[in-house]
>>> print(open('model-v3.cif').read())   # mmCIF, C-alpha atoms
data_coords
loop_
_atom_site.label_atom_id
_atom_site.label_comp_id
_atom_site.auth_asym_id
_atom_site.auth_seq_id
_atom_site.Cartn_x
_atom_site.Cartn_y
_atom_site.Cartn_z
CA MET E 20 -1.30 -21.09 -27.95
CA ASN E 21 -2.72 -24.59 -28.33
CA GLU E 22 -0.19 -26.62 -26.34
CA ARG E 23 -1.90 -29.39 -24.41
CA LEU E 24 -1.95 -29.07 -20.66
CA GLU E 25 0.00 -31.10 -18.12
CA PRO E 26 -1.06 -31.18 -14.44
CA GLU E 27 2.00 -29.26 -13.25
CA THR E 28 1.42 -26.52 -15.81
CA VAL E 29 -2.07 -25.99 -14.40
CA ARG E 30 -0.77 -25.99 -10.82
CA TRP E 31 1.87 -23.39 -11.61
CA ALA E 32 -0.63 -21.25 -13.51
CA TYR E 33 -2.82 -21.10 -10.41
CA ARG E 34 0.18 -20.39 -8.17
CA PHE E 35 1.80 -17.74 -10.35
CA LEU E 36 -1.35 -15.94 -11.47
CA LEU E 37 -3.86 -16.51 -8.67
CA GLY E 38 -1.46 -17.16 -5.82
CA ARG E 39 -3.20 -20.37 -4.78
CA GLU E 40 -3.71 -24.05 -5.59
CA PRO E 41 -6.50 -25.33 -7.89
CA GLU E 42 -9.79 -25.76 -6.07
CA SER E 43 -9.58 -29.55 -6.29
CA GLU E 44 -8.03 -32.44 -8.18
CA THR E 45 -11.27 -32.60 -10.15
CA VAL E 46 -10.71 -29.08 -11.45
CA LEU E 47 -7.11 -29.91 -12.32
CA ASP E 48 -8.16 -33.09 -14.14
CA ALA E 49 -10.84 -31.19 -16.06
CA TRP E 50 -8.31 -28.67 -17.37
CA CYS E 51 -5.91 -31.41 -18.41
CA GLY E 52 -8.64 -33.49 -20.03
CA THR E 53 -10.27 -30.84 -22.20
CA GLY E 54 -8.26 -27.64 -21.91
CA SER E 55 -5.30 -26.05 -23.63
CA VAL E 56 -2.75 -23.47 -22.56
CA ALA E 57 -4.71 -20.84 -24.49
CA GLY E 58 -7.95 -21.85 -22.80
CA LEU E 59 -6.34 -21.90 -19.35
CA MET E 60 -4.85 -18.44 -19.82
CA ASP E 61 -8.11 -17.05 -21.18
CA GLY E 62 -10.04 -18.51 -18.27
CA ILE E 63 -7.72 -17.06 -15.65
CA LEU E 64 -6.91 -13.71 -17.26
CA THR E 65 -10.56 -12.81 -17.85
CA SER E 66 -11.78 -13.82 -14.39
CA PRO E 67 -12.97 -11.39 -11.69
CA GLU E 68 -10.46 -13.03 -9.36
CA ILE E 69 -7.44 -12.03 -11.46
CA ALA E 70 -8.84 -8.50 -11.83
CA GLY E 71 -9.05 -8.12 -8.07
CA LEU E 72 -5.57 -9.52 -7.57
CA ALA E 73 -4.11 -7.25 -10.26
CA LEU E 74 -5.62 -4.17 -8.67
CA ALA E 75 -4.29 -5.29 -5.28
CA GLY E 76 -0.77 -5.61 -6.68
CA PHE E 77 -0.77 -9.44 -6.74
CA PRO E 78 -0.30 -10.03 -2.99
CA GLU E 79 1.81 -13.00 -2.00
CA ARG E 80 -0.06 -15.90 -0.42
CA GLY E 81 1.32 -19.19 0.82
CA HIS E 82 4.77 -20.54 1.67
CA TRP E 83 5.59 -21.81 -1.82
CA ILE E 84 6.76 -18.40 -3.05
CA GLU E 85 9.69 -18.37 -0.61
CA ASN E 86 11.38 -21.34 -2.34
CA ARG E 87 14.00 -21.41 -5.07
CA ALA E 88 12.86 -21.77 -8.66
CA THR E 89 13.02 -25.26 -10.17
CA ASP E 90 13.27 -26.46 -13.77
CA GLU E 91 9.64 -27.51 -13.52
CA ALA E 92 8.51 -24.05 -12.41
CA ALA E 93 10.59 -22.27 -15.06
CA ARG E 94 9.31 -24.63 -17.76
CA ALA E 95 5.72 -23.93 -16.72
CA ALA E 96 6.30 -20.16 -16.65
CA LEU E 97 7.69 -20.19 -20.19
CA THR E 98 4.89 -22.44 -21.40
CA LEU E 99 2.29 -20.08 -19.96
CA ARG E 100 4.05 -17.04 -21.40
CA ASP E 101 4.72 -18.41 -24.90
CA GLY E 102 2.13 -21.16 -25.36
CA ALA E 103 4.74 -23.72 -26.31
CA LEU E 104 7.15 -26.03 -24.54
CA PRO E 105 10.51 -24.26 -24.10
CA ASP E 106 13.89 -25.69 -24.93
CA PRO E 107 16.39 -26.49 -22.14
CA GLY E 108 18.50 -23.42 -22.92
CA ALA E 109 15.57 -21.08 -22.33
CA ILE E 110 14.79 -22.80 -19.03
CA GLU E 111 18.39 -22.43 -17.86
CA GLU E 112 18.50 -18.77 -18.86
CA LEU E 113 15.27 -18.01 -17.00
CA ARG E 114 16.49 -19.74 -13.86
CA LEU E 115 19.61 -17.56 -13.92
CA ARG E 116 17.46 -14.42 -14.26
CA ALA E 117 14.90 -15.58 -11.69
CA PRO E 118 16.53 -17.77 -9.03
CA SER E 119 13.53 -17.64 -6.67
CA LEU E 120 9.84 -18.35 -7.22
CA ARG E 121 9.03 -14.78 -6.13
CA VAL E 122 11.20 -13.29 -8.89
CA LEU E 123 9.99 -15.89 -11.39
CA ARG E 124 6.41 -14.88 -10.69
CA GLN E 125 7.26 -11.20 -11.12
CA VAL E 126 8.96 -11.91 -14.47
CA LEU E 127 5.92 -13.82 -15.71
CA LEU E 128 3.41 -11.17 -14.60
CA ALA E 129 5.48 -8.44 -16.26
CA SER E 130 5.72 -10.25 -19.60
CA PRO E 131 3.86 -8.42 -22.43
CA SER E 132 1.66 -11.43 -23.24
CA ILE E 133 0.15 -11.20 -19.74
CA ALA E 134 0.63 -7.59 -18.62
CA HIS E 135 -1.39 -6.10 -21.48
CA ARG E 136 -4.39 -8.27 -20.57
CA LEU E 137 -4.54 -7.16 -16.95
CA PRO E 138 -6.86 -4.36 -15.76
CA GLN E 139 -5.38 -0.96 -16.51
CA PRO E 140 -5.67 2.07 -14.21
CA GLU E 141 -8.46 4.50 -14.97
CA GLY E 142 -6.25 7.52 -14.34
CA PRO E 143 -5.80 10.07 -11.58
CA ARG E 144 -8.55 10.99 -9.19
CA SER E 145 -8.65 12.99 -5.98
CA ARG E 146 -10.56 12.71 -2.75
CA VAL E 147 -10.70 14.69 0.46
CA LEU E 148 -9.54 12.96 3.64
CA ARG E 149 -10.88 14.36 6.90
CA LEU E 150 -8.26 13.74 9.56
CA PRO E 151 -7.76 14.89 13.15
CA GLY E 152 -6.33 18.36 12.70
CA GLY E 153 -7.67 19.15 9.26
CA GLU E 154 -8.45 18.05 5.72
CA VAL E 155 -6.06 16.96 3.00
CA THR E 156 -6.55 16.07 -0.65
CA LEU E 157 -5.30 12.68 -1.78
CA THR E 158 -4.51 12.24 -5.47
CA GLY E 159 -4.04 8.78 -6.91
CA ASP E 160 -5.22 6.12 -9.27
CA SER E 161 -8.89 5.39 -8.70
CA ARG E 162 -8.19 1.64 -8.80
CA GLU E 163 -5.02 1.74 -6.70
CA PRO E 164 -5.57 -0.30 -3.49
CA GLU E 165 -4.00 2.41 -1.28
CA PHE E 166 -6.22 5.04 -2.84
CA LEU E 167 -9.33 2.90 -2.42
CA ALA E 168 -8.45 2.02 1.19
CA ALA E 169 -7.73 5.64 2.25
CA PRO E 170 -7.63 7.07 4.84
CA GLY E 171 -6.17 3.78 6.07
CA PHE E 172 -4.01 4.36 9.14
CA ALA E 173 -3.69 8.12 8.55
CA PRO E 174 -6.30 9.07 11.22
CA ARG E 175 -4.47 7.21 14.00
CA TRP E 176 -1.10 8.78 13.18
CA ALA E 177 -2.59 12.27 12.89
CA ALA E 178 -4.29 11.80 16.28
CA LEU E 179 -1.11 10.34 17.78
CA LEU E 180 1.15 13.25 16.81
CA ARG E 181 -1.43 15.81 17.99
CA ALA E 182 -1.33 14.04 21.36
CA VAL E 183 2.44 13.52 21.53
CA TRP E 184 3.31 17.04 20.38
CA PRO E 185 0.50 19.43 21.42
CA ASP E 186 2.62 22.33 20.14
CA GLY E 187 2.18 21.10 16.57
CA GLY E 188 5.51 19.34 16.46
CA GLU E 189 7.61 22.49 16.20
CA GLY E 190 11.09 21.61 15.00
CA ARG E 191 10.44 17.87 14.93
CA VAL E 192 11.96 15.52 12.34
CA ILE E 193 9.89 12.70 10.84
CA VAL E 194 11.34 10.03 8.54
CA GLU E 195 9.30 7.39 6.76
CA ASP E 196 10.10 4.27 4.73
CA GLY E 197 7.61 2.44 2.52
CA ALA E 198 5.48 5.58 2.22
CA GLY E 199 3.50 4.35 -0.79
CA ILE E 200 1.40 7.08 -2.39
CA GLY E 201 1.48 9.07 0.86
CA VAL E 202 -1.71 8.23 2.75
CA ALA E 203 0.02 7.77 6.11
CA THR E 204 2.44 10.58 5.23
CA LEU E 205 -0.46 13.02 5.01
CA GLY E 206 -1.66 11.83 8.41
CA LEU E 207 1.77 12.48 9.92
CA ALA E 208 1.96 15.92 8.32
CA THR E 209 -1.52 16.84 9.54
CA GLY E 210 -0.74 15.71 13.08
CA ALA E 211 2.49 17.71 13.24
CA PRO E 212 2.01 20.78 11.04
CA GLY E 213 4.99 22.52 12.66
CA HIS E 214 7.50 19.80 11.80
CA ALA E 215 10.94 20.93 10.65
CA ALA E 216 11.30 18.08 8.16
CA LEU E 217 9.27 15.13 6.93
CA ILE E 218 11.26 12.88 4.60
CA ALA E 219 9.19 10.10 2.99
CA HIS E 220 10.93 7.26 1.13
CA GLU E 221 9.25 5.02 -1.47
CA ASP E 222 11.25 2.84 -3.85
CA SER E 223 8.42 2.22 -6.35
CA LEU E 224 8.84 4.97 -8.95
CA ARG E 225 5.14 4.91 -9.77
CA LYS E 226 4.10 5.32 -6.15
CA ALA E 227 6.88 7.81 -5.44
CA ALA E 228 5.52 10.06 -8.21
CA ALA E 229 2.07 10.02 -6.57
CA LEU E 230 3.68 10.60 -3.16
CA ALA E 231 5.50 13.70 -4.43
CA GLU E 232 2.30 15.00 -6.02
CA ASN E 233 0.38 14.56 -2.77
CA LEU E 234 3.00 16.43 -0.75
CA VAL E 235 3.18 19.33 -3.20
CA GLY E 236 -0.57 19.39 -3.76
CA ASN E 237 -1.20 19.89 -0.06
CA GLY E 238 1.34 22.67 0.29
CA LEU E 239 3.70 20.70 2.53
CA ALA E 240 6.80 22.80 1.87
CA ARG E 241 8.86 21.15 4.62
CA ALA E 242 8.04 17.63 3.44
CA ALA E 243 10.00 15.84 0.72
CA SER E 244 9.79 12.52 -1.09
CA ARG E 245 12.70 10.28 -1.99
CA ALA E 246 12.24 7.61 -4.67
CA VAL E 247 14.68 5.24 -2.96
CA PRO E 248 14.55 2.90 0.04
CA LEU E 249 15.46 4.45 3.37
CA GLY E 250 18.51 2.22 3.90
CA GLU E 251 20.60 2.68 7.05
CA VAL E 252 18.81 5.26 9.17
CA PRO E 253 21.88 7.13 10.50
CA ALA E 254 23.24 7.38 6.95
CA ALA E 255 19.89 8.66 5.68
CA LEU E 256 19.84 11.38 8.34
CA ALA E 257 23.40 12.37 7.42
CA ARG E 258 22.42 12.63 3.74
CA GLU E 259 19.64 15.01 4.66
CA GLY E 260 21.78 17.05 7.06
CA LEU E 261 19.55 16.15 10.00
CA ASP E 262 20.86 15.65 13.52
CA ARG E 263 17.69 14.40 15.24
CA LEU E 264 14.90 11.90 14.66
CA ASP E 265 11.64 12.30 16.53
CA LEU E 266 9.45 9.80 14.67
CA LEU E 267 10.40 6.93 12.37
CA ARG E 268 7.79 5.01 10.39
CA LEU E 269 8.95 1.71 8.89
CA GLY E 270 6.35 0.52 6.41
CA GLY E 271 8.41 -1.83 4.23
CA ARG E 272 9.50 -5.46 4.45
CA GLY E 273 11.61 -6.45 7.44
CA ALA E 274 10.35 -3.60 9.63
CA VAL E 275 9.91 -5.75 12.75
CA ARG E 276 13.44 -7.15 12.70
CA LEU E 277 14.93 -3.75 11.84
CA ALA E 278 13.17 -2.01 14.72
CA THR E 279 14.31 -4.71 17.15
CA GLN E 280 17.92 -4.32 16.02
CA MET E 281 17.76 -0.53 16.21
CA ALA E 282 16.03 -0.36 19.60
CA PRO E 283 19.03 0.95 21.64
CA TRP E 284 19.78 3.66 19.05
CA LEU E 285 16.11 4.73 18.84
CA LEU E 286 15.61 4.75 22.62
CA GLU E 287 18.74 6.83 23.14
CA ARG E 288 17.13 9.52 20.97
CA GLY E 289 13.62 9.20 22.40
CA THR E 290 12.30 8.34 18.93
CA PHE E 291 8.71 7.25 18.50
CA THR E 292 8.72 4.35 16.03
CA VAL E 293 5.89 2.99 13.90
CA ILE E 294 6.35 -0.49 12.43
CA GLY E 295 4.18 -2.04 9.77
CA PHE E 296 3.90 -5.80 9.65
CA ASP E 297 2.45 -8.19 7.11
CA LEU E 298 1.30 -11.50 8.56
CA THR E 299 2.12 -13.25 5.28
CA GLU E 300 5.71 -12.10 5.62
CA LEU E 301 5.95 -12.94 9.32
CA VAL E 302 4.44 -16.41 8.89
CA ALA E 303 7.09 -17.18 6.26
CA ASP E 304 9.88 -16.24 8.69
CA PRO E 305 11.26 -19.28 10.56
CA ALA E 306 10.74 -17.49 13.89
CA GLY E 307 7.02 -16.92 13.26
CA PRO E 308 4.82 -13.87 13.97
CA HIS E 309 4.50 -14.23 17.73
CA ALA E 310 8.21 -14.69 18.41
CA LEU E 311 9.22 -11.83 16.09
CA LEU E 312 6.79 -9.39 17.63
CA SER E 313 7.55 -10.60 21.16
CA ALA E 314 11.23 -9.78 20.63
CA CYS E 315 10.27 -6.34 19.37
CA VAL E 316 7.93 -5.73 22.31
CA ALA E 317 10.66 -6.76 24.76
CA ALA E 318 13.11 -4.28 23.19
CA PHE E 319 10.98 -1.19 23.87
CA PRO E 320 9.49 0.28 27.07
CA HIS E 321 5.99 0.50 25.59
CA VAL E 322 4.26 -0.99 22.55
CA VAL E 323 0.80 0.13 21.47
CA GLY E 324 -1.62 -1.43 19.02
CA PHE E 325 -4.84 0.09 17.73
CA ASP E 326 -8.31 -1.36 17.25
CA ALA E 327 -10.56 -0.93 14.23
CA ALA E 328 -11.67 2.49 15.49
CA HIS E 329 -8.00 3.55 15.87
CA GLU E 330 -8.23 3.52 19.66
CA PRO E 331 -4.89 2.66 21.33
CA ARG E 332 -4.41 -0.67 23.09
CA VAL E 333 -1.21 -0.98 25.15
CA LEU E 334 0.37 -4.42 24.74
CA LEU E 335 1.12 -5.46 28.31
CA ASP E 336 1.40 -9.24 27.90
CA ASP E 337 1.16 -12.16 25.47
CA VAL E 338 -2.64 -12.04 25.59
CA ALA E 339 -2.62 -8.45 24.31
CA LEU E 340 -0.04 -9.36 21.66
CA ASP E 341 -2.17 -12.27 20.46
CA ALA E 342 -5.16 -9.92 20.27
CA ALA E 343 -3.12 -7.56 18.05
CA LEU E 344 -2.22 -10.47 15.77
CA ARG E 345 -5.88 -11.49 15.56
CA ARG E 346 -6.86 -7.93 14.63
CA ALA E 347 -4.32 -8.05 11.79
CA LEU E 348 -5.60 -11.45 10.70
CA MET E 349 -9.12 -10.05 10.37
CA ARG E 350 -7.97 -7.26 8.07
CA PRO E 351 -8.41 -8.08 4.35
CA ASP E 352 -4.74 -7.33 3.61
CA ARG E 353 -3.48 -9.07 6.79
CA ARG E 354 -1.43 -5.96 7.64
CA ASP E 355 -1.32 -3.65 10.63
CA GLU E 356 0.99 -1.17 12.34
CA LEU E 357 2.22 -0.88 15.92
CA LEU E 358 3.71 2.03 17.84
CA LEU E 359 6.94 1.58 19.81
CA CYS E 360 7.35 4.48 22.19
CA PRO E 361 9.56 5.72 25.03
CA ASP E 362 6.60 6.87 27.16
CA LEU E 363 2.82 6.86 27.40
CA ASP E 364 2.34 10.47 28.54
CA TRP E 365 0.33 11.18 25.39
CA LEU E 366 -2.42 8.62 26.04
CA GLY E 367 -4.64 11.02 27.98
CA ARG E 368 -4.51 13.58 25.16
CA TYR E 369 -5.22 11.11 22.35
CA GLY E 370 -8.49 11.57 20.51
CA ILE E 371 -9.47 10.47 17.01
CA VAL E 372 -12.24 13.06 16.54
#
>>> encode(input="model-v3.cif", output="C-alpha cells")
Amino acid sequence: MNERLEPETVRWAYRFLLGREPESETVLDAWCGTGSVAGLMDGILTSPEIAGLALAGFPERGHWIENRATDEAARAALTLRDGALPDPGAIEELRLRAPSLRVLRQVLLASPSIAHRLPQPEGPRSRVLRLPGGEVTLTGDSREPEFLAAPGFAPRWAALLRAVWPDGGEGRVIVEDGAGIGVATLGLATGAPGHAALIAHEDSLRKAAALAENLVGNGLARAASRAVPLGEVPAALAREGLDRLDLLRLGGRGAVRLATQMAPWLLERGTFTVIGFDLTELVADPAGPHALLSACVAAFPHVVGFDAAHEPRVLLDDVALDAALRRALMRPDRRDELLLCPDLDWLGRYGIV
C-alpha cells in the first residue's frame, strides 16, 4: 500500500473512518506532501480516536453521510481498502452495491483489510444493576457502549412502570423495538414484574443474542426476544397472539415520525409510548428536530421528558421542548427518550429510589 495520496482521498478517509473533516488544510496538505495510503491508514487505524469510535459502533456525524455515493467517493473507498487506484469497472460495481454514502461507509468498515485492525471485544462480562424494584444482572461485552453506559435509561422506566401500575403490571403487555442488549428491557421488566408478556425486538443478531441471554439469565419467563425489527405494530401483535398493548417502546430509527403517525391508534388503546430520538438523525431530517418533536407533542395529551437524575419534566410549551432538546445535546451520544402518555395520574407515585 504505497499509492501516493490525493487531497480527496485524505478527505474521504477522515469522513469514512473518523466521521469528520481533517483538522485543517495544513493537515491535509501535510498528508499529501509526505504521506502514502499505507501511512494514512496506519495513522488513522492505530489512533485512540478510531478505537473510541469503533467501540461506539462508528456513530454517524455530519450531513454528508445522507448523500448518494459518487464516483469520487467510491474511488477513494477502494483506494483506502486496496492501496491502489481502482479501475472504472470496480468503481461502477461498488456504486451499485453501495448507492449511498452511509452504505459505502459500512462496506468499507466491514472490509477485512480494515475490520481486522479495529479493537476486538474482550469477551462477556456481567454486572449488577440496581434499579427501582430490584436488582438484575446484565451480561454483555465489556467494551460494548451499551454495556459500559448501563444502567442508561433503565432506572427511569423501572420507576415509571412502578408508578403507572402499582399492582406490578398484572396482565400488561409490553412491546419494544430497538432493544439492543436489553438494558432498558430489564428496567421495564423490573418495573412491571407481573406483566403478561414483554416482547423485545432487536434486528442486530449480535445484540439480539445478548438480549436473549439477559432475559433468560434473569429468569424472565414471560419475556421473549425477537431478532427482527418490530415492523407494523398491529401485525406484530397478531403474530404474537396478543390483543392489547399497554406500553410500546420505540428505540430505533424513525421513532418520532412513527409515533406521530400512530397516535390515534395508540390513544384509542391507552398505550403508554416511549420514543427514543437521536439528534443526529433529527437534524438530518428536512423538518428538523424542533418541528418533528413539536408534531409528536401535539399528537398526544401529555409528553414527559426526564432530567439527568431521571426526574420527570412535563413538556407544556416550546420552552420545555427546547430544554429537552438541550438536555439531549449535552449527552455524549446526543440521544434521549421521551414518554407519550394518555394521563399524568402516575406523577405523584413516581420515585427513582
>>> closest_residue(input="model-v3.cif", among="E:Glu163, E:Glu27, E:Asp355, E:Asp186", to="Ser145 (chain E)", atoms="only C-alpha atoms")
E:Glu163
>>> resolve_selection(input="model-v3.cif", expression="the PyMOL selection byres ((chain E and resi 210-215) around 7)", output="list in words")
Gly152, Trp176, Ala177, Ala178, Leu180, Arg181, Gly187, Gly188, Glu189, Gly190, Arg191, Val192, Gly206, Leu207, Ala208, Thr209, Ala216, Leu217 and Arg241 of chain E
>>> resolve_selection(input="model-v3.cif", expression="the PyMOL selection byres ((chain E and resi 125-138) around 7)", output="list in words")
Leu64, Ala70, Ala73, Ala96, Arg100, Arg121, Val122, Leu123, Arg124, Gln139 and Pro140 of chain E
>>> residues_around(input="model-v3.cif", residues="Val194 (chain E)", least_positions_apart="4", cutoff="8 Å", atoms="all atoms listed in the file", output="count of residues only")
8
>>> resolve_selection(input="model-v3.cif", expression="the PyMOL selection byres ((chain E and resi 93) around 10)", output="number ranges by chain")
E: 31, 88-92, 94-99, 105, 109-114, 117-118, 120, 123-124, 127
>>> atom_distance(input="model-v3.cif", atom1="CA of Arg263 (chain E)", atom2="CA of Gly250 (chain E)")
16.7 Å
>>> atom_distance(input="model-v3.cif", atom1="CA of Ile371 (chain E)", atom2="CA of Pro151 (chain E)")
6.1 Å
>>> residues_around(input="model-v3.cif", residues="region 365-369 of chain E", least_positions_apart="2", cutoff="12 Å", atoms="all atoms listed in the file", output="list in words")
Pro151, Pro174, Arg175, Trp176, Ala177, Ala178, Leu179, Leu180, Arg181, Ala182, Val183, Trp184, Pro185, Gly210, Phe291, His321, Val323, Phe325, His329, Glu330, Pro331, Arg332, Val333, Cys360, Pro361, Asp362, Leu363, Ile371 and Val372 of chain E
>>> closest_residue(input="model-v3.cif", among="E:Asp265, E:Leu59, E:Val202, E:Ala317", to="Arg288 (chain E)", atoms="all atoms listed in the file")
E:Asp265
>>> atom_distance(input="model-v3.cif", atom1="CA of Asp222 (chain E)", atom2="CA of Pro248 (chain E)")
5.1 Å
